[in-house]
Amino acid sequence: MDTYADLVFLGGQVVTVDAEFSVASALAVTGGVISAVGGREDVAPLVGPDTRVIDLRGATLLPGINDSHLHGCAFGMSTPPLSLDLGHPAVASLADVAEAVREAVGRVPDGQWITGHGWDTGYLDECAADPSRLPSRHDLDAVSPDHPVVLYSFSGHATWVNSRALELIGIDRHTVAPPGGAIVADAAGEPTGLLHEGAQALVQNALPPLSRQERTDAIRSALATLARLGVTSYTEPGLGPGGDGIMRGALGAETLDVYRRLLADGELTARLGVLLLPTGLSSTTEEFARALTELGESGDADPRRLAIHGVKIFADGIVPNKTSWMHEPYVGGGCGSLCVGGATDTERTAEIDAMIRHAHAAGHQMGVHVTGDRAIDTVADAFAAAMAEHPRPDARHYVIHGDFLTAHSMEVLAAHGFGVNMNPTIKWTVADMEEMFVGAERAAYAWPYRDALDAGVRVASGSDAPVTSPDWRQGVATMVLRESKAAGRVSGPEQRIGLAEAIRTYTIDAAWQDFADDWKGSLEPGKVADLCVLDGDLLTADPHDIPEMPVVLTVVDGQVVHDALRD
């Protein structure tokens with residue numbers, strides 16, 4: 001035998017995710033590539049003196065998980081020790097948040113900014129009991145009168161600061177919010193300390209930008225977490241000048257340079273796809289076109305490890321802020337709007353159309369953040385119009401989030417080979433809370449997996465970390481069960497999908513989004529050896545138990561990056 005395998009797996013459920021979703025029992029890896037899939041007899045000739053043979057003992061071997069929408073640097077920056085953990089269940093009330101800030105004040109030098117991430121009014125007792133009770137600067141002032149405090153919501157679309165921060169930023173009752181943003185004010189017209197959407201840039205511009213070392217540490221932290229979860233590929237959905245004002249520049253152009261250095265140094269332990277972010281919220285076509293031209297070519301040396309796939313723009317906001325553009329009003333009124341430049345819906349629609357047409361004609365894949373049904377229809381139609389004007393055989397544009405996809409949008413996306421990137425762990429997190437904004441029926445429909453797949457739309461799944469944890473196991477369980485995090489209630493049972501379909505959204509269909517389904521995303525000979533081993537039989541497990549099934553081994557390009565089997 002000239003070439004023996006480096007790794008051989010026996011005695012398990014080898015879930016290939018090939019076209020038939022066939023299940024084998026053995027697999028071999030040679031030189032970073034899958035060299036055999038089948039039974040024991042198929043891999044036995046490949047076992048040599050240096051081959052590591054792993055008896056799976058009934059465990060499940062999957063393609064490496066591809067989280068197709070994950071802000072890696074921001075995720076690392078938003079987790080301890082780099083930031084206070086203010087998500088559920090770490091905190092359960094406004095009082096808990098205040099206590100966490102009080103403890104931080106005792107640890108940091110005078111005047112240093114205190115940052116936290118993850119608060120969600122749906123899981124803060126005072127706000128859940130009274131939806132009109134929102135976080136306020138007064139909740140923080142008593143525990144931190146001198147240290148400026150900036151706390152990011154779980155969604156990334158709202159920021160909560162104290163009075164000291166408002167003072168340093170220069171926000172008062174006379175400050176005008178940027179277009180597409182809101183400075184929340186009380187009955188007397190004074191700012192409460194809540195900033196929505198584009199107004200968050202006022203905070204970001206006052207904070208010291210992340211240093212290169214901070215970015216590096218954050219990405220290393222994220223990569224370590226992803227390896228432990230079996231995630232071997234992810235998409236950074238928006239890095240560039242438009243991200244310089246988001247989370248101290250975590251989505252800025254310098255972060256891409258840090259990724260390139262980590263790759264050169266052999267530290268990039270997951271494959272990375274990138275959407276460039278030329279401009280942020282409320283931009284115009286002219287600004288977008290100029291910024292896109294200035295980005296230039298990527299010039300990355302190893303596109304299988306780090307690839308620039310396309311360009312991202314924002315079309316609207318999110319439902320909890322009532323900034324998604326909807327056909328029907330929210331509970332309490334208002335329909336939101338597009339968040340690009342323009343004074344009217346007609347002008348803003350024209351701007352979105354022009355941006356998409358410009359990027360498409362320039363040859364870029366487009367990923368568009370869009371959540372409201374009216375906004376999604378607008379974006380889907382703009383994709384189709386751009387394709388009609390400049391035909392391209394395989395553009396693979398996609399809508400990001402797609403919370404309220406309509407039948408019209410699904411038909412358009414499917415007809416042109418476009419996709420949608422959905423977020424099951426966000427569905428799990430917000431299912432109960434959304435009812436107060438859009439009512440029970442629309443909240444149940446949100447993230448319509450079943451309808452999208454039945455319509456022939458390519459569906460990929462992502463966590464949107466740090467919005468939610470990048471735990472694909474919870475995502476799979478949610479797609480199958482449609483149960484909510486807070487109450488455990490079923491939300492939209494008619495939108496449930498099967499286990500095999502759910503796994504595909506995190507593997508082969510996520511690889512399709514990356515233009516990479518011919519070489520990754522399934523366990524077939526000749527494809528790269530990106531692997532995830534889950535303890536237990538995933539195919540027969542109770543879906544409720546899937547989130548607790550341990551990831552015991554992660555392999556990227558044939559190299560083991562997480563190994564609980566030898567711990």
# chains A, B, ... in the order shown; residues from 1 in each chain; ligands from 1
>>> residues_around(residues="Ala388 of chain A", least_positions_apart="3", cutoff="12 Å", atoms="only C-alpha atoms", output="list in words")
Arg357, His360, Ala361, Asp381, Ala382, Phe383, Ala384, Ala385, Pro391, Arg392, Pro393 and His416 of chain A
>>> residues_around(residues="Gly12 of chain A", least_positions_apart="2", cutoff="6 Å", atoms="only C-alpha atoms", output="NGL selection string")
:A and (10 or 14 or 25 or 56-60)
>>> closest_residue(among="A:Arg482, A:His390, A:Arg504, A:Arg107", to="Leu62 of chain A", atoms="only C-alpha atoms")
A:Arg504
>>> closest_residue(among="A:Ile114, A:Ala253, A:Leu195, A:Met436", to="Ser132 of chain A", atoms="only C-alpha atoms")
A:Met436
>>> closest_atom_pairs(of="segment 54-100 of chain A", to="segment 270-286 of chain A", cutoff="12 Å", atoms="only C-alpha atoms", output="Markdown table")
| residue | atom | partner | partner_atom | distance |
| --- | --- | --- | --- | --- |
| A:Gly64 | CA | A:Ala270 | CA | 9.7 |
| A:Ile65 | CA | A:Ala270 | CA | 10.0 |
| A:Asn66 | CA | A:Arg271 | CA | 8.8 |
| A:Asp67 | CA | A:Leu272 | CA | 10.0 |
| A:Ser68 | CA | A:Gly273 | CA | 8.5 |
| A:His69 | CA | A:Gly273 | CA | 9.5 |
| A:Leu70 | CA | A:Val274 | CA | 10.1 |
| A:His71 | CA | A:Val274 | CA | 9.9 |
| A:Gly72 | CA | A:Leu272 | CA | 9.6 |
| A:Cys73 | CA | A:Leu272 | CA | 12.0 |
>>> write_last_selection(atoms="N, CA, C and O atoms", output="PDB file, in the first residue's frame")
ATOM      1  N   GLY A  64     -18.262  18.700   8.692  1.00  0.00           N
ATOM      2  CA  GLY A  64     -18.033  19.840   9.570  1.00  0.00           C
ATOM      3  C   GLY A  64     -19.151  20.852   9.426  1.00  0.00           C
ATOM      4  O   GLY A  64     -19.657  21.082   8.335  1.00  0.00           O
ATOM      5  N   ILE A  65     -19.541  21.461  10.530  1.00  0.00           N
ATOM      6  CA  ILE A  65     -20.662  22.384  10.521  1.00  0.00           C
ATOM      7  C   ILE A  65     -20.223  23.717   9.913  1.00  0.00           C
ATOM      8  O   ILE A  65     -19.159  24.247  10.226  1.00  0.00           O
ATOM      9  N   ASN A  66     -21.074  24.254   9.045  1.00  0.00           N
ATOM     10  CA  ASN A  66     -20.806  25.521   8.368  1.00  0.00           C
ATOM     11  C   ASN A  66     -21.826  26.539   8.872  1.00  0.00           C
ATOM     12  O   ASN A  66     -22.971  26.528   8.438  1.00  0.00           O
ATOM     13  N   ASP A  67     -21.423  27.371   9.828  1.00  0.00           N
ATOM     14  CA  ASP A  67     -22.303  28.437  10.320  1.00  0.00           C
ATOM     15  C   ASP A  67     -22.219  29.574   9.307  1.00  0.00           C
ATOM     16  O   ASP A  67     -21.228  30.293   9.238  1.00  0.00           O
ATOM     17  N   SER A  68     -23.287  29.730   8.541  1.00  0.00           N
ATOM     18  CA  SER A  68     -23.213  30.585   7.358  1.00  0.00           C
ATOM     19  C   SER A  68     -23.524  32.047   7.628  1.00  0.00           C
ATOM     20  O   SER A  68     -23.690  32.827   6.683  1.00  0.00           O
ATOM     21  N   HIS A  69     -23.596  32.438   8.908  1.00  0.00           N
ATOM     22  CA  HIS A  69     -23.791  33.858   9.245  1.00  0.00           C
ATOM     23  C   HIS A  69     -23.335  34.054  10.691  1.00  0.00           C
ATOM     24  O   HIS A  69     -24.106  33.865  11.625  1.00  0.00           O
ATOM     25  N   LEU A  70     -22.076  34.453  10.873  1.00  0.00           N
ATOM     26  CA  LEU A  70     -21.486  34.534  12.205  1.00  0.00           C
ATOM     27  C   LEU A  70     -20.423  35.618  12.225  1.00  0.00           C
ATOM     28  O   LEU A  70     -19.496  35.598  11.423  1.00  0.00           O
ATOM     29  N   HIS A  71     -20.586  36.583  13.129  1.00  0.00           N
ATOM     30  CA  HIS A  71     -19.615  37.671  13.268  1.00  0.00           C
ATOM     31  C   HIS A  71     -18.522  37.232  14.246  1.00  0.00           C
ATOM     32  O   HIS A  71     -18.647  37.395  15.454  1.00  0.00           O
ATOM     33  N   GLY A  72     -17.442  36.665  13.715  1.00  0.00           N
ATOM     34  CA  GLY A  72     -16.442  36.036  14.561  1.00  0.00           C
ATOM     35  C   GLY A  72     -15.758  36.982  15.528  1.00  0.00           C
ATOM     36  O   GLY A  72     -15.659  36.705  16.724  1.00  0.00           O
ATOM     37  N   CYS A  73     -15.253  38.101  15.019  1.00  0.00           N
ATOM     38  CA  CYS A  73     -14.561  39.051  15.888  1.00  0.00           C
ATOM     39  C   CYS A  73     -15.519  39.630  16.919  1.00  0.00           C
ATOM     40  O   CYS A  73     -15.187  39.728  18.101  1.00  0.00           O
TER      41      CYS A  73
END
>>> residues_around(residues="Arg566 of chain A", least_positions_apart="5", cutoff="12 Å", atoms="only C-alpha atoms", output="list in words")
Arg52, Ile54, Val552, Leu553 and Val560 of chain A
>>> closest_residue(among="A:Pro81, A:Gly198, A:Pro424, A:Gly492", to="Ala460 of chain A", atoms="only C-alpha atoms")
A:Pro424
>>> residues_around(residues="Ile183 of chain A", least_positions_apart="2", cutoff="12 Å", atoms="only C-alpha atoms", output="NGL selection string")
:A and (136 or 158-161 or 166 or 171-181 or 185-186 or 189-203)
>>> closest_residue(among="A:Asn423, A:Ser35, A:Thr507, A:Gln204", to="Thr478 of chain A", atoms="only C-alpha atoms")
A:Asn423
>>> closest_residue(among="A:Asp6, A:Asp18, A:Asp316, A:Asp353", to="Gly48 of chain A", atoms="only C-alpha atoms")
A:Asp6
>>> atom_distance(atom1="atom CA of Val528 of chain A", atom2="atom CA of Tyr4 of chain A")
16.6 Å
>>> residues_around(residues="Asp345 of chain A", least_positions_apart="3", cutoff="12 Å", atoms="only C-alpha atoms", output="list in words")
Ala315, Asp316, Trp325, Met326, Cys335, Gly336, Ser337, Leu338, Cys339, Val340, Gly341, Gly342, Arg348, Thr349, Ala350, Glu351, Ile352, Arg374, Ala375 and Thr378 of chain A
>>> residues_around(residues="Pro109 of chain A", least_positions_apart="4", cutoff="12 Å", atoms="only C-alpha atoms", output="ChimeraX atom specification")
/A:104-105,113-114,146-148
>>> select_by_dssp(residues="segment 83-119 of chain A", states="alpha helix (DSSP H)", output="list in words")
Leu94, Ala95, Asp96, Val97, Ala98, Glu99, Ala100, Val101, Arg102, Glu103, Ala104 and Val105 of chain A
>>> select_by_dssp(residues="segment 46-136 of chain A", states="strand (DSSP E)", output="list of chain:residue names")
A:Arg52, A:Val53, A:Ile54, A:Asp55, A:Thr60, A:Leu61, A:Leu62, A:Pro63, A:Ile65, A:Asn66, A:Asp67, A:Leu84, A:Asp85, A:Ile114, A:Thr115, A:Gly116, A:His117, A:Gly118, A:Trp119
>>> write_last_selection(atoms="N, CA and C atoms", output="PDB file, in the first residue's frame")
ATOM      1  N   ARG A  52      -4.412   6.713  12.731  1.00  0.00           N
ATOM      2  CA  ARG A  52      -5.216   6.776  13.950  1.00  0.00           C
ATOM      3  C   ARG A  52      -6.580   6.176  13.643  1.00  0.00           C
ATOM      4  N   VAL A  53      -6.901   5.098  14.298  1.00  0.00           N
ATOM      5  CA  VAL A  53      -8.172   4.411  14.096  1.00  0.00           C
ATOM      6  C   VAL A  53      -9.098   4.755  15.258  1.00  0.00           C
ATOM      7  N   ILE A  54     -10.245   5.303  14.946  1.00  0.00           N
ATOM      8  CA  ILE A  54     -11.202   5.741  15.965  1.00  0.00           C
ATOM      9  C   ILE A  54     -12.443   4.870  15.882  1.00  0.00           C
ATOM     10  N   ASP A  55     -12.714   4.137  16.945  1.00  0.00           N
ATOM     11  CA  ASP A  55     -13.949   3.367  17.050  1.00  0.00           C
ATOM     12  C   ASP A  55     -15.036   4.315  17.547  1.00  0.00           C
ATOM     13  N   THR A  60     -21.980   9.650  15.997  1.00  0.00           N
ATOM     14  CA  THR A  60     -22.364  10.186  14.687  1.00  0.00           C
ATOM     15  C   THR A  60     -21.240  11.024  14.097  1.00  0.00           C
ATOM     16  N   LEU A  61     -20.844  10.692  12.887  1.00  0.00           N
ATOM     17  CA  LEU A  61     -19.849  11.466  12.147  1.00  0.00           C
ATOM     18  C   LEU A  61     -20.570  12.270  11.078  1.00  0.00           C
ATOM     19  N   LEU A  62     -20.432  13.581  11.150  1.00  0.00           N
ATOM     20  CA  LEU A  62     -21.099  14.511  10.249  1.00  0.00           C
ATOM     21  C   LEU A  62     -20.074  15.317   9.449  1.00  0.00           C
ATOM     22  N   PRO A  63     -20.487  15.903   8.334  1.00  0.00           N
ATOM     23  CA  PRO A  63     -19.623  16.927   7.734  1.00  0.00           C
ATOM     24  C   PRO A  63     -19.408  18.053   8.746  1.00  0.00           C
ATOM     25  N   ILE A  65     -19.541  21.461  10.530  1.00  0.00           N
ATOM     26  CA  ILE A  65     -20.662  22.384  10.521  1.00  0.00           C
ATOM     27  C   ILE A  65     -20.223  23.717   9.913  1.00  0.00           C
ATOM     28  N   ASN A  66     -21.074  24.254   9.045  1.00  0.00           N
ATOM     29  CA  ASN A  66     -20.806  25.521   8.368  1.00  0.00           C
ATOM     30  C   ASN A  66     -21.826  26.539   8.872  1.00  0.00           C
ATOM     31  N   ASP A  67     -21.423  27.371   9.828  1.00  0.00           N
ATOM     32  CA  ASP A  67     -22.303  28.437  10.320  1.00  0.00           C
ATOM     33  C   ASP A  67     -22.219  29.574   9.307  1.00  0.00           C
ATOM     34  N   LEU A  84     -18.923  41.881  29.591  1.00  0.00           N
ATOM     35  CA  LEU A  84     -19.857  41.311  30.557  1.00  0.00           C
ATOM     36  C   LEU A  84     -20.898  40.473  29.824  1.00  0.00           C
ATOM     37  N   ASP A  85     -21.218  39.315  30.386  1.00  0.00           N
ATOM     38  CA  ASP A  85     -22.261  38.464  29.824  1.00  0.00           C
ATOM     39  C   ASP A  85     -23.595  38.885  30.417  1.00  0.00           C
ATOM     40  N   ILE A 114     -16.957  50.557  30.540  1.00  0.00           N
ATOM     41  CA  ILE A 114     -17.426  49.212  30.887  1.00  0.00           C
ATOM     42  C   ILE A 114     -18.376  48.759  29.785  1.00  0.00           C
ATOM     43  N   THR A 115     -18.119  47.593  29.213  1.00  0.00           N
ATOM     44  CA  THR A 115     -18.948  47.091  28.129  1.00  0.00           C
ATOM     45  C   THR A 115     -19.591  45.764  28.507  1.00  0.00           C
ATOM     46  N   GLY A 116     -20.753  45.536  27.962  1.00  0.00           N
ATOM     47  CA  GLY A 116     -21.468  44.284  28.164  1.00  0.00           C
ATOM     48  C   GLY A 116     -22.263  43.944  26.928  1.00  0.00           C
ATOM     49  N   HIS A 117     -22.712  42.723  26.844  1.00  0.00           N
ATOM     50  CA  HIS A 117     -23.422  42.290  25.649  1.00  0.00           C
ATOM     51  C   HIS A 117     -24.480  41.244  25.992  1.00  0.00           C
ATOM     52  N   GLY A 118     -25.598  41.311  25.267  1.00  0.00           N
ATOM     53  CA  GLY A 118     -26.556  40.212  25.313  1.00  0.00           C
ATOM     54  C   GLY A 118     -27.879  40.499  25.984  1.00  0.00           C
ATOM     55  N   TRP A 119     -28.095  41.717  26.535  1.00  0.00           N
ATOM     56  CA  TRP A 119     -29.361  41.956  27.225  1.00  0.00           C
ATOM     57  C   TRP A 119     -30.525  41.861  26.246  1.00  0.00           C
TER      58      TRP A 119
END
